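Asks: Would you mind keeping the following structure in view while I ask a few things?
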Amino acid sequence: MERKPHILVFPYPIQGHINPILQFSKRLTSKGLRVTVITTTSISKSMQESSLNFVTISDGSKQGDKETMYEELERFKLFVSESLAELIERQKSSKHPPKLLVYDSAMPWALNVARQLGVDGAPFFTQSCAVNVIYHHAHHGVFLQRPSVSLPYMPSLGVNDVPSFLNDTGSSLPLKIALNQFSNIHEANWIFCNTFDKLEHEVVNWMASQWPVKTIGPTIPSIYLDKRLEDDKEYGLNLFKPNVDTCMKWLDTKEIGSVIYASFGSLTTLGEEHMEELALGLKNSSCSFLWVVRESEEKKLPDNFIEETTERGLFVTWCPQLDVLAHKAIGCFMTHCGWNSTLEALSLGVPMVAMPQWTDQPTNAKFIADVWKVGIRVKLNEKGIATREEIEMCIREVMEGERGKEMKKNSLRWKELAIEAVDKGGSSDKNIEVFVAKLAHS
Ligand code: UDX
């Protein structure tokens, strides 16, 4: 019997990075690879049943550790590189020695660990290719401390459109980590990007002229995209507990296209004033809304707001986002423009109100509004806040205005193209097949 090629997959264990790489792992499994996903002790307790094969390594975290995500990544470099090396050694002498390590691009040191042990390596990028290219150029000293980005294969980006770290005046650690993704990229055997060719055509072409890039997205279970394809519904891993029944039963009672879905992903936090403006913007829009307010954010809601809006509002601490976006009652998505949320809305045909906060989100918002034309971006006042009037106006524009109709039409077109990319013979599907075939014959 022919042996399946074995690969190790190492996600950075936060929600927005775990979802796409695990979905990619499932696609690889379905195409005939043996995949082992490496998790670290910090998240092993939050994990549920999955069809994937997991192995846990120690990350050196101690209870009560208070560190930022970026400090955690620095600790990983020191501590996890050792436990990763031990794991690869063990796997190499097992019945199924691994041929390749796919690792999150935020941990470029993983490539060096694999290579020293004679295993190939490939980063997985969770951000858009536009953002990849900007960071790559910044890694070479271009754009830093400059107000704008101008490259031949993307629209010119102003100071508010570039990834926020390029404008940071405080700690340089997040910027260093963002740029380091490109420190050893020329040594990687493959580069996987969660996007699809037609979405970022020119940028993808430029990247592919430099490195062995494979676009493999959108990494959304195909059952949400195209009912003809067989796939399970399980998506990534929920590190938060979703209120599934509450959301779906409530949405079932609403009219087609009548509900605003508001969510800011797993990390973004809003200041109290911003939260109040958002709350009142949603309320004044006169639409029904489903708002994900994570437990850590709940105390920032205006007093009695939940009680005062029970007729039109549903508040949950986490929801099954794909089921929500795919529900016919949803008319628009008020989003922080995380790359997963952006791709998910675009692939499910939902127009957006973009309210980016930090990291890659401003760049995603620029593309949502001006390139793909599937949403409108809120304008900020002199205090950097979107007022309730501005939020209400943007919502009305998307839900009721003429531009909203155009955005809906564009969204449905992108949905078709996303389906085409992952469907049999589509660009992302072919890229995965080529990769699997090459691995099998190497
Ligand atoms: C982070 C960054 O913020 C983002 O910009 C980067 O591109 C990836 O990592 P996050 O902020 O959590 O991610 O946002 P996003 O990229 O949108 O990912 C959130 C994920 O959680 C999505 O896959 C979404 O479907 C899921 N989600 C979110 C839920 O399942 N339920 C929710 O209630 C909210």
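Going by the structure tokens order, chains are called A, B, ..., each with residues numbered from 1, while ligands are numbered from 1 in the order shown.
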Within 12 Å of Gln210 of chain A, counting only C-alpha atoms, which residues show up once you throw out same-chain ones fewer than 2 positions away? Write them as an mmCIF file with C-alpha atoms, in the first residue's frame, please.

Replies:
data_model
loop_
_atom_site.group_PDB
_atom_site.id
_atom_site.type_symbol
_atom_site.label_atom_id
_atom_site.label_comp_id
_atom_site.auth_asym_id
_atom_site.auth_seq_id
_atom_site.Cartn_x
_atom_site.Cartn_y
_atom_site.Cartn_z
ATOM 1 C CA VAL A 133 3.800 42.711 0.129
ATOM 2 C CA HIS A 136 7.979 42.622 2.761
ATOM 3 C CA ILE A 185 11.006 33.716 3.320
ATOM 4 C CA HIS A 186 13.459 33.086 0.431
ATOM 5 C CA GLU A 187 14.469 29.814 2.122
ATOM 6 C CA ALA A 188 10.924 28.403 2.323
ATOM 7 C CA TRP A 190 6.367 26.787 -0.383
ATOM 8 C CA ILE A 191 4.403 29.830 0.745
ATOM 9 C CA VAL A 203 -0.357 41.351 -5.942
ATOM 10 C CA VAL A 204 -0.461 37.555 -6.069
ATOM 11 C CA ASN A 205 1.299 37.633 -9.446
ATOM 12 C CA TRP A 206 4.020 39.839 -8.042
ATOM 13 C CA MET A 207 4.513 37.557 -5.020
ATOM 14 C CA ALA A 208 4.558 34.482 -7.245
ATOM 15 C CA PRO A 212 6.902 29.690 -4.618
ATOM 16 C CA VAL A 213 3.535 31.113 -3.576
ATOM 17 C CA LYS A 214 0.356 29.049 -3.496
#

Asks: Near segment 333-337 of chain A, within 6 Å and counting only C-alpha atoms, which residues show up once chain neighbours fewer than 2 positions away are dropped, as a list in words?

Replies: Ile260, Tyr261, Ala262, Ser263, Phe264, Thr342, Met352, Val353, Ala354, Met355, Pro356 and Gln361 of chain A

Asks: Grab the residues selected above and save them as a short mmCIF file (atom, residue, chain, number, x, y, z; two decimals), in the first residue's frame with N, CA, C and O atoms.

Replies:
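Final file, out27.cif:
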data_model
loop_
_atom_site.label_atom_id
_atom_site.label_comp_id
_atom_site.auth_asym_id
_atom_site.auth_seq_id
_atom_site.Cartn_x
_atom_site.Cartn_y
_atom_site.Cartn_z
N ILE A 260 -28.41 43.57 11.07
CA ILE A 260 -26.99 43.94 11.04
C ILE A 260 -26.27 42.96 11.96
O ILE A 260 -26.69 42.77 13.11
N TYR A 261 -25.20 42.37 11.46
CA TYR A 261 -24.36 41.53 12.32
C TYR A 261 -23.14 42.37 12.69
O TYR A 261 -22.43 42.87 11.80
N ALA A 262 -22.91 42.59 13.98
CA ALA A 262 -21.76 43.41 14.42
C ALA A 262 -20.81 42.55 15.23
O ALA A 262 -21.21 41.90 16.20
N SER A 263 -19.54 42.52 14.81
CA SER A 263 -18.56 41.75 15.58
C SER A 263 -17.18 42.29 15.27
O SER A 263 -16.89 42.72 14.15
N PHE A 264 -16.32 42.24 16.28
CA PHE A 264 -14.97 42.79 16.14
C PHE A 264 -13.89 41.75 16.39
O PHE A 264 -12.78 42.06 16.82
N THR A 342 -13.19 39.47 6.84
CA THR A 342 -13.31 40.08 5.52
C THR A 342 -13.55 39.01 4.45
O THR A 342 -14.49 39.11 3.66
N MET A 352 -20.42 45.08 3.75
CA MET A 352 -19.86 45.41 5.07
C MET A 352 -19.89 46.90 5.39
O MET A 352 -19.82 47.73 4.49
N VAL A 353 -19.97 47.20 6.69
CA VAL A 353 -19.62 48.52 7.19
C VAL A 353 -18.27 48.32 7.88
O VAL A 353 -18.18 47.55 8.85
N ALA A 354 -17.24 48.95 7.34
CA ALA A 354 -15.88 48.67 7.81
C ALA A 354 -15.48 49.66 8.90
O ALA A 354 -15.52 50.87 8.69
N MET A 355 -15.08 49.11 10.05
CA MET A 355 -14.63 49.97 11.15
C MET A 355 -13.30 49.40 11.66
O MET A 355 -13.24 48.80 12.73
N PRO A 356 -12.22 49.55 10.85
CA PRO A 356 -10.95 48.92 11.19
C PRO A 356 -10.34 49.54 12.44
O PRO A 356 -10.54 50.73 12.69
N GLN A 361 -5.98 45.64 9.58
CA GLN A 361 -7.39 45.98 9.30
C GLN A 361 -7.58 47.24 8.45
O GLN A 361 -8.46 47.25 7.57
#

Asks: Write out as an MDAnalysis selection string each polymer residue (protein, DNA or RNA) that has an atom no more than 8 Å from ligand 1, with only C-alpha atoms and all ligand atoms counted.

Replies: chainID A and resid 14:17 19:20 126:128 236 238 240 242 263:268 292 294 316:322 336:342 344 358:361

Asks: Leaving out Pro302 of chain A and any residue of its chain fewer than 3 positions from it, which residues lie within 9 Å of it when counting only C-alpha atoms, given as a list in words?

Replies: Glu272, Met275, Glu276, Ala279, Lys299, Phe305 and Ile306 of chain A

Asks: Taking 5 positions as the minimum chain separation for residues in the same chain, which residues sit within 9 Å of Lys328 of chain A when counting only C-alpha atoms? Answer as a PDB file with all heavy atoms, in the first residue's frame.

Replies:
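out_5.pdb, written as the output of this step:
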ATOM      1  N   LEU A 251     -32.347  34.554  14.597  1.00  0.00           N
ATOM      2  CA  LEU A 251     -32.248  34.964  13.178  1.00  0.00           C
ATOM      3  C   LEU A 251     -33.404  34.394  12.357  1.00  0.00           C
ATOM      4  O   LEU A 251     -33.909  35.057  11.445  1.00  0.00           O
ATOM      5  CB  LEU A 251     -30.919  34.502  12.579  1.00  0.00           C
ATOM      6  CG  LEU A 251     -29.678  35.302  12.977  1.00  0.00           C
ATOM      7  CD1 LEU A 251     -28.411  34.650  12.408  1.00  0.00           C
ATOM      8  CD2 LEU A 251     -29.773  36.754  12.513  1.00  0.00           C
ATOM      9  N   ASP A 252     -33.832  33.171  12.710  1.00  0.00           N
ATOM     10  CA  ASP A 252     -34.935  32.539  11.959  1.00  0.00           C
ATOM     11  C   ASP A 252     -36.221  33.360  12.041  1.00  0.00           C
ATOM     12  O   ASP A 252     -37.098  33.219  11.189  1.00  0.00           O
ATOM     13  CB  ASP A 252     -35.211  31.125  12.503  1.00  0.00           C
ATOM     14  CG  ASP A 252     -34.141  30.139  12.059  1.00  0.00           C
ATOM     15  OD1 ASP A 252     -33.387  30.461  11.116  1.00  0.00           O
ATOM     16  OD2 ASP A 252     -34.043  29.049  12.668  1.00  0.00           O
ATOM     17  N   LYS A 254     -36.373  36.568  11.796  1.00  0.00           N
ATOM     18  CA  LYS A 254     -36.205  37.879  11.140  1.00  0.00           C
ATOM     19  C   LYS A 254     -36.388  37.802   9.619  1.00  0.00           C
ATOM     20  O   LYS A 254     -36.161  36.764   9.016  1.00  0.00           O
ATOM     21  CB  LYS A 254     -34.795  38.443  11.434  1.00  0.00           C
ATOM     22  CG  LYS A 254     -34.487  38.569  12.909  1.00  0.00           C
ATOM     23  CD  LYS A 254     -35.354  39.614  13.569  1.00  0.00           C
ATOM     24  CE  LYS A 254     -35.163  39.632  15.068  1.00  0.00           C
ATOM     25  NZ  LYS A 254     -36.307  40.122  15.813  1.00  0.00           N
ATOM     26  N   GLU A 255     -36.769  38.941   9.067  1.00  0.00           N
ATOM     27  CA  GLU A 255     -36.996  39.009   7.613  1.00  0.00           C
ATOM     28  C   GLU A 255     -35.668  38.947   6.836  1.00  0.00           C
ATOM     29  O   GLU A 255     -34.631  39.334   7.374  1.00  0.00           O
ATOM     30  CB  GLU A 255     -37.628  40.358   7.267  1.00  0.00           C
ATOM     31  CG  GLU A 255     -38.831  40.670   8.083  1.00  0.00           C
ATOM     32  CD  GLU A 255     -40.040  40.903   7.218  1.00  0.00           C
ATOM     33  OE1 GLU A 255     -39.890  41.584   6.198  1.00  0.00           O
ATOM     34  OE2 GLU A 255     -41.113  40.376   7.591  1.00  0.00           O
ATOM     35  N   ILE A 256     -35.768  38.571   5.593  1.00  0.00           N
ATOM     36  CA  ILE A 256     -34.573  38.483   4.730  1.00  0.00           C
ATOM     37  C   ILE A 256     -33.853  39.844   4.669  1.00  0.00           C
ATOM     38  O   ILE A 256     -34.478  40.880   4.446  1.00  0.00           O
ATOM     39  CB  ILE A 256     -34.965  38.069   3.292  1.00  0.00           C
ATOM     40  CG1 ILE A 256     -35.539  36.659   3.318  1.00  0.00           C
ATOM     41  CG2 ILE A 256     -33.770  38.156   2.334  1.00  0.00           C
ATOM     42  CD1 ILE A 256     -35.996  36.143   1.986  1.00  0.00           C
ATOM     43  N   GLY A 257     -32.548  39.806   4.887  1.00  0.00           N
ATOM     44  CA  GLY A 257     -31.704  41.004   4.729  1.00  0.00           C
ATOM     45  C   GLY A 257     -32.006  42.131   5.710  1.00  0.00           C
ATOM     46  O   GLY A 257     -31.657  43.283   5.441  1.00  0.00           O
ATOM     47  N   SER A 258     -32.625  41.811   6.867  1.00  0.00           N
ATOM     48  CA  SER A 258     -33.051  42.898   7.753  1.00  0.00           C
ATOM     49  C   SER A 258     -32.121  43.125   8.952  1.00  0.00           C
ATOM     50  O   SER A 258     -32.285  44.079   9.699  1.00  0.00           O
ATOM     51  CB  SER A 258     -34.466  42.605   8.273  1.00  0.00           C
ATOM     52  OG  SER A 258     -34.434  41.452   9.105  1.00  0.00           O
TER      53      SER A 258
END

Asks: For the helix (DSSP H, G or I) assignment from backbone DSSP, which residues of segment 94-308 of chain A qualify? Please present them as a PyMOL selection string.

Replies: chain A and resi 109-116+129-139+164-167+173-180+185-187+201-210+222-225+244-252+272-284+295-300+305-308

Asks: Run DSSP on the backbone and tell me which residues of segment 266-298 of chain A come out as strand (DSSP E); list them as a PyMOL selection string.

Replies: chain A and resi 288-292

Asks: Go ahead and save the residues from that selection, with N, CA and C atoms, as a short mmCIF file (atom, residue, chain, number, x, y, z; two decimals), in the first residue's frame.

Replies:
data_model
loop_
_atom_site.label_atom_id
_atom_site.label_comp_id
_atom_site.auth_asym_id
_atom_site.auth_seq_id
_atom_site.Cartn_x
_atom_site.Cartn_y
_atom_site.Cartn_z
N SER A 288 -32.77 45.62 13.18
CA SER A 288 -32.43 44.60 14.19
C SER A 288 -30.93 44.36 14.10
N PHE A 289 -30.32 43.99 15.24
CA PHE A 289 -28.88 43.73 15.20
C PHE A 289 -28.49 42.58 16.14
N LEU A 290 -27.54 41.82 15.65
CA LEU A 290 -26.93 40.76 16.46
C LEU A 290 -25.51 41.21 16.72
N TRP A 291 -25.19 41.45 17.98
CA TRP A 291 -23.90 42.05 18.33
C TRP A 291 -23.10 41.10 19.21
N VAL A 292 -21.92 40.73 18.75
CA VAL A 292 -21.03 39.91 19.57
C VAL A 292 -20.21 40.84 20.46
#

Asks: Looking at A:Asn112, A:Thr40, A:Ser93, A:Asn304, which one is nearest to Phe79 of chain A, with distances taken over only C-alpha atoms?

Replies: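 Closest candidate: A:Thr40.
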
Asks: Which residue out of A:Leu111, A:Ala329, A:Leu348, A:Val371 has the minimum interatomic distance to Ser183 of chain A when only C-alpha atoms are used?

Replies: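 Checking each candidate against Ser183 of chain A, we get A:Leu111 as the closest.
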
Asks: Find the residues near Leu151 of chain A: any atom within 12 Å, counting only C-alpha atoms, skip ones fewer than 5 places away on the same chain, and give them as an MDAnalysis selection string.

Replies: chainID A and resid 130:131 133:134 137 142:143 156:158 202:203 206

Asks: Would you kindly return, as a ChimeraX atom specification, each protein, DNA or RNA residue with an atom no farther than 9 Å from any atom of Gln23 of chain A, considering only C-alpha atoms and excluding same-chain residues fewer than 3 positions away?

Replies: /A:18-20,26-28,219-221,234-236

Asks: Taking only C-alpha atoms into account, which of A:Glu416, A:Glu397, A:Asp168, A:Glu277 comes nearest Asn381 of chain A?

Replies: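 Nearest candidate to Asn381 of chain A out of A:Glu416, A:Glu397, A:Asp168, A:Glu277: A:Glu277.
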